Each structure stands twice: as C-alpha cells, then as structure tokens.
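Undergrad: Quick one: structure below, then a few questions.
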Amino acid sequence: MTTDRTALEVSHLRKSFGRTRALDGLDLYVREGEVHGFLGPNGSGKSTTIRVLLGLLRADAGTARVLGKDPWHDAVELHRRLAYVPGDVTLWRNLSGGEVIDLYGRLRGGLDRARRAALVERFELDPTKKGRAYSKGNRQKVALVAAFASDVDLLILDEPTSGLDPLMEGVFQECVQEERRRGRTVLLSSHILSEVESLCDRVSLVRKGRTVESGSLAELRHLTRTSVHAELAGEPDGLGRLPGVHGLDVQGRRVRLQVDTDKLDGVLRALTASGVRSLTSTPPTLEELFLRHYQEDADGERAERGDKAVAR
Amino acid sequence: MTAVLGTAPARRPGPGALRRRLAGTAPLLRLALRRDRVLIPVWLAVITLMVLSMPNTLRQVYGTPDKRADLVASLTTNPTLRAFYGPVFDQSVGGLTAWRVGTFAGVLAAVMSLVVVVRHTREEEETGRQELVSSAGVGRLAPLTAALLAALVANTVLAGLLAVGLAGEGGTGALALGLAVGCTGMVFAAVAAVAAQLTESARLAKGIAAAVLGAAFVLRAAGDAATKDGSSLLTWFSPVGWVEHTRAFADERWWVLLLSAGAVAVGCVAAYELAGHRDLGMSFLPSRPGRAHGRLATAGALARRLQRGAVLGWSAGFLLAGLVLGGMADGATDLVGDNADTRAIFRRMGGHAGLTDAFLSAMVGVVAMVGALYVVASVLRLHGEETSQRAEPVLATPVGRLCWAAGHLVVAFAGTALLMLCAACGFALGHGQDAGPIAAACLVQVPAIWVVGALAVFLYGLSPRLAPASWGAAGAVLLIGWLGPALDVPRAVMNLSPFSHLPKLPGGDLAWTPVLVLTGLAVVLTAAGLAALRRRDLATG
C-alpha cells in the first residue's frame, strides 16, 4: 500500500532544553501508507521528535512537514487527520474510560461506533471504570481504542504497548496490520524489537538526537553480518582470507563464522568447494542491529572516559 | 491497582512483627518533611501571624479595660457573633485574643493537618508512588505513621510558636492556647488518617475530613449561639469547641486537652486497624462504575465537567458566608458600639457611610478576596492539566491551545461572577433588607477578582514554572485586604491590591472608572498570557 508520497518529512531537526540537547540534527522520512519503526535507546529524542511533529514543541532549527503541513502553524488543521497515543497515558480520575474514548473521538471529528465497540471487545477493556482505577496497560488500551476507532490518515504511536500483556500485544499488532491495509500511515516508536520487526516496512534508528540508520529492514540487514554455521565434507580452506569474514571458528569440519551480508556469496562458494553436509545461516535480528549501534555508543563512551582517566 | 498481600491479619503480631510493620518510618518522615518544606512553614507562618498580630490590634482599638468591658457586654448579647467566634471568658487582651482567633487558628491547624496526612497517605497510593516505596523495605504501617508524625511535628512547632509568641500576655494562657490549637490540628490529622483508609481518591478523603471539620464547626457554632457561656453540650461534642473549653487566659482547664488526646488515640487506632486490613491502593468505600459511553464532545465541555464539583462547592460556601455575614450585619452595630477606633477600622475597610453599610461593605470585600483564591485555583487547572500530561493528548486533537485554555478560563471568570452572585443572594437573605445595593456591592468586586485571575493566566502563559507564584499574589491580596486596614498600612501598599480601588458599596457612590479600568487590566493580562501560551513549548514529562 506504500505510495511514493511523503507523510512525514523531518530534516536537520534541532531542539535544546536549557543546556540539554535533545535533538541534534535529526532526520526522518516516512512514506504515505507505510508502518515506520522509530527506534532508539531511552533519552535518544524519540518523544521530543514526536512532540515537535504534534506542534507541542517548537523546533530550534530544521524543518518538519507532516502530511505536507507545518506542524507548529497548522496544528489544528493537521490534528484533524492524525491520532496520537502517548507512551504514558494519564486519564482524568473521575471520568470513565468510555467517556474518554468518546471525548477523544468527538474531538477528532467523530468515531466509528461499530469499530469502537469491536475494539473495546478485542482489547477486553471495561469502559465503565474510572480513570484512577485503570492499570497502566488498561490506560494505554483506552488511548489505543480511541486512536484506532478514529477516522484519520496518520497514527503517531509513542511506545504504545509498554504496558500490554503478550495477548493484548497480539491484538495491537493485528490492529496495526488492519490500519496498514486501509492505507494509513503509522509512526511507531517502540522498544519491542520483535514488534517492530513484524510490523514495520521501514525503520529509523536514532541515537543522541540524530538518525544513525534508516531504511527497510532488508536494507539495514544488508549493512550487517549474517551468522553461518556449516558442517563440511572436508577441511575448509582459505576461509580466513576471504573479505568480510569475521569471528571465524573452525573445529575440524565444523565452521562457525560471521560475514558481512553483501559478501555472503563468496563465503558460500568457498564452503561448497569443500562440500557442505549441513548449513544454517541466520540473518541478523533487529536486536543485533540495535545493539551494534547502541554498543558502539557505550564503547565509545567507555573509551572516552578511559582517555580522560589517562589524561588525568 | 496492584494488591500487595500482607501478613495474615488474624494472627496477633508480636513486637518483632510490629517493628517490621513500621520499618522505614524514619526515612519516610524525613521524605515527608522534605517534600513539605514549603507547605508546612507557609501554613505555620499564616496561622502564627494571624494570632500574634491580634493583641496589638486589640490594644490599638480596645486599649483600656473599660472599652474591653464594653465590648464584652455587647458581644455576649449577640448570638450571631457568639456563633462565629464563641463566648468571651476573660476581658484581658490575652483572653480576647483567644476568643477572637482561637477557634480560627484551630480550624486552620486542622486544615493544614488533614492536607498533610492525606498528601502522604492516600495521595501517594493514588498516584502509584507508594507502590515503589512500599516495595523498598517499608513496613505496611510506616507511611501512615510517617504522615501522622509529620502532622505532629507541624502542630508541635505551631503550639510552640503560639506559646512563645503570646507569652507577653501571660505564659500559662499562651501555652494553653498553643496546645489547644495544636491538639485540634492533631485530632483532624487522625480524622484524615481514617478518611484516607476509606476511599480510593485523595480528593474525596480530604473532602470527608473537611466535612467532619465543617460539622464540628457548625456544632460548636450552634451550641455557642444557644448559650452565652459555652455551657451547651453541643460544643463539647465538637473538637473545634475544645479550643474555647480549654479557656486559655481564663483559669485554664488543662484536662480538656486530654479529650483531644483521647480523640487522637481513638482515630489513630481506627486508622491503623483499617490500614492493617486492606491492600495497598484499595479502599473500604466502593467506587461506583462510570458510564460506558460519554457525552463530552468539546474541550470546553471537558473543562466544565472537570471543574463542576469545585464550582458547586465554592458557590455553596459563598452563599453560606453571605447568609452568616449578612445576618451579623445588624449585630455589628452593637459590637462596635461607640468605640471610635473600631469604627475607624470598618470605615477604612468599608467606606464612610453608616456603620451597617460599612460593615456589609467590609464583609463583601473579605468574601470577594476569598474569591481570588477560587479564581487562581480555577485558572491553574490549566497548569495541572499540562504538567500531569493530560493536556498533551487533548492538544494533539484538533483543539487549539487558545480553545483549550478558553474552556477553563470561561469556568474561572464566569465562575467568579457566579460565586459573587451566590454571595449576593446570601447577603440579601441574611440581612433581609433591599437586595439591590448589596447585589451591586458584590458584583462590583468581580473585576478585582478577575485581575488576580488574569495575573495567574499571565504568569502561567509565560512559563508553567511561574504559575504557582499566582498563589503568592492571591495571598498578598488577602493579607493587604484583611490586615491592612487594622494595621493602618500606607496607602501605597494598599493600592497594590486591586480591591483597594473598588468603590465602597453599599453606601458609597458607584464609580465606574475603577471598575472599567480593572476589567480592562484583566482583559489585557489575559490576552498577554494567552499570546505567550501560544508561543511557548508545552511542558513535557
């Protein structure tokens, strides 16, 4: 359903709170009709970006366009076409969940009553409870039902499932798939990488207020290493000399190695030359992808601290 | 709300078990006092200032024993005044101080205590903060104990301040008054401790405790209205009445303090029993289920719904205040009698017309200044919605910031007019005279209250961090209006308060210029605040 038109376009976004630099030239590009994963460690600027996209914060520099409009100046007009679910949903203690769902629905210009009823059922939400009586997960369900039942073009979901149980997580994933089939655009900020892997067409990884990777999962995988385990007919030969091979571990006829995904072809040739008895090749998980960027970050910091310690 | 399983309540806990249940009380008490490092000192300062400024005022106005005897003679004949202040037991300055402010100091100490106790018990559970704290080596009864101890610290300091501050009027009497006020505070700390176990909502718990306080005040008032010497049995049933029964500066009856101590003990035992038998976050009063479908459709409707209860409560209060104060108006002429200094004070407060008019005018002003507290509280709902992250998803719908803010501001500003209308009805009914002038007197106050509200909008619009400063502005207006005339402060200081510029009604001329200028000022401040709100970032978590 993905089209070539742009739903979200953010470039070189900067935002500081006092001395803290939350966004440091962040870029984000989301096509219309795609489910876009927005990933990054805590405090990397995801929520700040989303608040800029909602016109709640004003960027210091850079540009942001949402559905072709300026999120700060055209906020009200824009908000008719989007629904937002915050990561930490707070409700009014004396309003019931049902009242809140209907309020948000009406504020967004009406909601589909049948769809609302179906969603309440699927999420197993008791809409008569008062706001103070809901658990974190149930508060999120209130916001999710309100968002999914609204007739909008864009859904902005900021860690929407952090309080849901695995069953409800499944319902959530179904709902997002349905939204995709209806041609809606979804920006999904999440920590649950399996969720992103199964839902998202493309992802953007951010770190310290900057985008470090962006693309489809296949494209991103291309940049990383595939793990290969093989049992061969004869002794392997010359594997270590091949370009892109890392962590080679040969024990007799058993071989374990990692290879840059774009160099996989050469490795396979070398293996078949020795005769292959069995072979497993594991594509990199998003988690590995994520950890690689995150770890570099942590390693970098450790190294920096080390340097400073030496300098002292 | 997650339930935490406790030890089986049927088993009788030994001393070791008790220690476990109280584990962590000391750090929690330190946490409570640290969190209340502004709240408690401000309450203590206000109460102490109110009490300690009284002897001076009394000396200025009723300097000689003759004048005081005159006053007491007229006081004892007026049941409305007795209902308000209680009976006079001694004609000394100390005795009159205890009469004039003893009950009110007790009531204020009670409000402070119930706020502190609910804040550190039910509010912590309701927000979910307690869950984390309770998981960290904290006994089941520790939070309640820490809250009660925090109240005890506050009330002890208050008793000490009053005893030392009034020592010049007689050390024994001062000590008795201080202890009586502090004990009343502790009684309502215990009441609040029980209320906090009953309901899931901190606001409702405060409401229950405040209702008990209100009932206690009414019991005492009814008893004192009926008898001249405080001998009515009703006053003995009221913890608020025990302040006057302690008879500070009038042959003190120390054993009355034991009544308070007993009541505190009973309340604490009840609270601990309840607390020991329930789960964290749970309550004994069931919470009713709400609607499955809602009717709210706009940001304005939401604001009205959120503030509905508060507006109703304030309106009832203003109606009641009008009734009581209106009913006192004719008696006020007796009270003042031919005391020239009191007349002067009322004239400074209420203008130069006849004494009844001056009294009414002064009281309308007093009520209106309390309205300043309403308007600040109502405007700052915006601040509360923003900082609690409830505004964020609303503003992510097609609701502009101005539209969102307007919803609450309409309640704040129209509510102000409604409140003063209620007060006007009360005054008219209580006084029983022509309603027109008193209604005009009440409504003319509205622009001055609006200016205070508009200042709150302005500060909030500039930055959410500045918003709480509007309480300071409302407090300053109250201090200037209530104490200014009695202390005869310079005109320049009086002029800082918008209320000082209003025409003195009833009795005076209705001058439109200040009314229109104040209205204009309110409009300008509100517009500036809203303009700033549109331009700034929303507070994030």
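Labels used: A, B, ... for chains in the order of the structure tokens, numbers from 1 for residues in each chain, and numbers from 1 for ligands as shown.
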If we count only C-alpha atoms, what is near Arg180 in chain A at a cut-off of 8 Å, once residues fewer than 2 positions away on the same chain are taken out, given as a ChimeraX atom specification?

TA: /A:1,33-35,176-178,182-186

Undergrad: Can you write out the residues you just picked, keeping C-alpha atoms, as a PDB file, in the first residue's frame?

TA:
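The resulting file, out.pdb, is shown below:
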```
ATOM      1  CA  MET A   1       0.000   0.000   0.000  1.00  0.00           C
ATOM      2  CA  GLY A  33       0.872   4.180   3.774  1.00  0.00           C
ATOM      3  CA  GLU A  34       3.866   2.623   5.471  1.00  0.00           C
ATOM      4  CA  VAL A  35       4.353   1.490   9.034  1.00  0.00           C
ATOM      5  CA  VAL A 176      -1.776  -2.013  13.129  1.00  0.00           C
ATOM      6  CA  GLN A 177      -1.901  -4.511  10.230  1.00  0.00           C
ATOM      7  CA  GLU A 178      -5.520  -3.531   9.623  1.00  0.00           C
ATOM      8  CA  ARG A 182      -6.594   0.586   4.986  1.00  0.00           C
ATOM      9  CA  GLY A 183      -3.737   2.636   3.655  1.00  0.00           C
ATOM     10  CA  ARG A 184      -2.996   4.596   6.791  1.00  0.00           C
ATOM     11  CA  THR A 185       0.433   5.716   7.783  1.00  0.00           C
ATOM     12  CA  VAL A 186       1.771   4.672  11.177  1.00  0.00           C
TER      13      VAL A 186
END
```

Undergrad: What's the 12 Å shell around Gly415 in chain B, counting only C-alpha atoms, without same-chain residues fewer than 3 positions away, as an NGL selection string?

TA: :B and (304 or 307-315 or 318 or 371-372 or 374-379 or 407-412 or 418-422 or 446 or 449-450 or 453)

Undergrad: For chain A versus chain B, which residues have an atom no more than 7 Å away, and what is each residue's nearest atom pair and distance in Å rounded to one decimal, using only C-alpha atoms, chain-then-number order, as CSV?

TA:
```
residue,atom,partner,partner_atom,distance
A:Leu54,CA,B:Ala396,CA,6.1
A:Leu56,CA,B:Leu538,CA,5.5
A:Leu57,CA,B:Asp537,CA,4.6
A:Arg58,CA,B:Asp537,CA,6.1
A:Val76,CA,B:Pro398,CA,4.4
A:Glu77,CA,B:Pro398,CA,6.4
A:His79,CA,B:Pro398,CA,4.7
A:Arg80,CA,B:Pro398,CA,5.2
A:Tyr84,CA,B:Ala396,CA,6.5
A:Thr90,CA,B:Arg390,CA,5.7
A:Leu91,CA,B:Arg390,CA,6.5
A:Ser96,CA,B:Gly290,CA,5.1
A:Gly98,CA,B:Ala292,CA,4.6
A:Glu99,CA,B:Gly294,CA,3.7
A:Asp102,CA,B:Gly294,CA,5.6
A:Leu103,CA,B:Ala297,CA,5.3
A:Arg106,CA,B:Ala297,CA,5.2
A:Leu107,CA,B:Thr298,CA,6.1
A:Arg108,CA,B:Thr397,CA,5.6
A:Pro127,CA,B:Ala292,CA,5.0
A:Thr128,CA,B:Ala292,CA,4.6
A:Lys129,CA,B:Pro289,CA,5.3
A:Lys130,CA,B:Gly290,CA,6.0
A:Ala133,CA,B:Met1,CA,6.5
A:Tyr134,CA,B:Met1,CA,7.0
A:Ser135,CA,B:Met1,CA,5.8
```

Undergrad: Calculated over only C-alpha atoms, which of the candidates A:Thr211, A:Trp92, A:Leu187, A:Asp153 has the smallest distance to Gly25 in chain A?

TA: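 Closest candidate: A:Thr211.
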
Undergrad: What is the CA of Asp151 in chain A-CA of Gly87 in chain A distance in Å, reported with one decimal?

TA: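 Taking CA of Asp151 in chain A and CA of Gly87 in chain A, their separation equals 21.1 Å.
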
Undergrad: Residues at most 9 Å from range 250-255 of chain A, counting only C-alpha atoms, excluding those fewer than 6 positions away in the same chain, as a list in words?

TA: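 Near neighbours after the sequence-gap exclusion: Val228, His229, Ala230, Glu231, Leu232, Ala233, Gly234, Glu235 and Pro236 of chain A.
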
Undergrad: Suppose we keep N, CA, C and O atoms; can you now write the selection as a short mmCIF file (atom, residue, chain, number, x, y, z; two decimals), in the first residue's frame?

TA:
```cif
data_model
loop_
_atom_site.label_atom_id
_atom_site.label_comp_id
_atom_site.auth_asym_id
_atom_site.auth_seq_id
_atom_site.Cartn_x
_atom_site.Cartn_y
_atom_site.Cartn_z
N VAL A 228 26.80 -17.80 10.04
CA VAL A 228 26.77 -19.05 9.26
C VAL A 228 27.36 -20.18 10.09
O VAL A 228 28.43 -20.02 10.68
N HIS A 229 26.61 -21.26 10.22
CA HIS A 229 27.14 -22.49 10.83
C HIS A 229 27.12 -23.55 9.75
O HIS A 229 26.10 -23.74 9.10
N ALA A 230 28.23 -24.24 9.56
CA ALA A 230 28.25 -25.27 8.50
C ALA A 230 29.03 -26.50 8.96
O ALA A 230 29.98 -26.40 9.76
N GLU A 231 28.59 -27.64 8.48
CA GLU A 231 29.36 -28.86 8.67
C GLU A 231 29.79 -29.32 7.28
O GLU A 231 28.94 -29.45 6.38
N LEU A 232 31.09 -29.52 7.10
CA LEU A 232 31.60 -29.73 5.74
C LEU A 232 32.05 -31.18 5.54
O LEU A 232 32.26 -31.93 6.50
N ALA A 233 32.22 -31.51 4.26
CA ALA A 233 32.68 -32.86 3.92
C ALA A 233 34.19 -32.98 4.15
O ALA A 233 34.70 -34.01 4.57
N GLY A 234 34.90 -31.90 3.85
CA GLY A 234 36.35 -31.91 4.03
C GLY A 234 36.80 -30.73 4.85
O GLY A 234 35.99 -29.93 5.33
N GLU A 235 38.11 -30.60 5.05
CA GLU A 235 38.67 -29.47 5.78
C GLU A 235 38.41 -28.20 4.99
O GLU A 235 38.61 -28.18 3.78
N PRO A 236 37.96 -27.14 5.67
CA PRO A 236 37.77 -25.88 4.94
C PRO A 236 39.12 -25.28 4.57
O PRO A 236 40.11 -25.55 5.25
#
```

Undergrad: Name the residues in contact with Thr282 in chain A at a cut-off of 9 Å, using only C-alpha atoms, excluding same-chain residues fewer than 2 positions from it; report them as an NGL selection string.

TA: :A and (226-229 or 280 or 284-285)

Undergrad: Could you write out, as JSON, numbers by chain, all the residues of range 365-541 of chain B that DSSP marks as helix (DSSP H, G or I)?

TA: {"B": [365, 366, 367, 368, 369, 370, 371, 372, 373, 374, 375, 376, 377, 378, 379, 381, 382, 383, 384, 385, 386, 387, 391, 392, 393, 394, 395, 401, 402, 403, 404, 405, 406, 407, 408, 409, 410, 411, 412, 413, 414, 415, 416, 417, 418, 419, 420, 421, 422, 423, 424, 425, 426, 427, 428, 429, 430, 431, 435, 436, 437, 438, 439, 440, 441, 442, 443, 446, 447, 448, 449, 450, 451, 452, 453, 454, 455, 456, 457, 458, 459, 460, 461, 462, 469, 470, 471, 472, 473, 474, 475, 476, 477, 478, 479, 480, 481, 482, 483, 484, 485, 486, 487, 491, 492, 493, 494, 498, 499, 500, 501, 512, 513, 514, 515, 516, 517, 518, 519, 520, 521, 522, 523, 524, 525, 526, 527, 528, 529, 530, 531, 532, 533, 534, 535]}

Undergrad: Find, counting only C-alpha atoms, the residue in B:Arg140, B:Arg119, B:Lys206, B:Arg68 that gets nearest to Arg20 in chain B.

TA: B:Arg140

Undergrad: Can you list every residue in range 57-177 of chain A that DSSP puts in strand (DSSP E), as a ChimeraX atom specification?

TA: /A:61-66,82-85,154-158

Undergrad: Determine, counting only C-alpha atoms, which protein, DNA and RNA residues have an atom within 12 Å of an atom of Glu219 in chain A; residues of the same chain fewer than 6 positions away are not included. Present the result as a list in words.

TA: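 Counting only the stated atoms, we get Asp201, Arg202, Val203, Ser204, Glu213, Thr261, Asp262, Pro284, Leu286 and Leu289 of chain A.
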
Undergrad: Could you give me, as JSON, numbers by chain, the residues within 9 Å of range 168-175 of chain A, counting only C-alpha atoms and dropping anything in the same chain fewer than 5 positions from it?

TA: {"A": [119, 122, 123, 124, 141, 144, 148, 160, 161, 180, 195, 198, 199]}
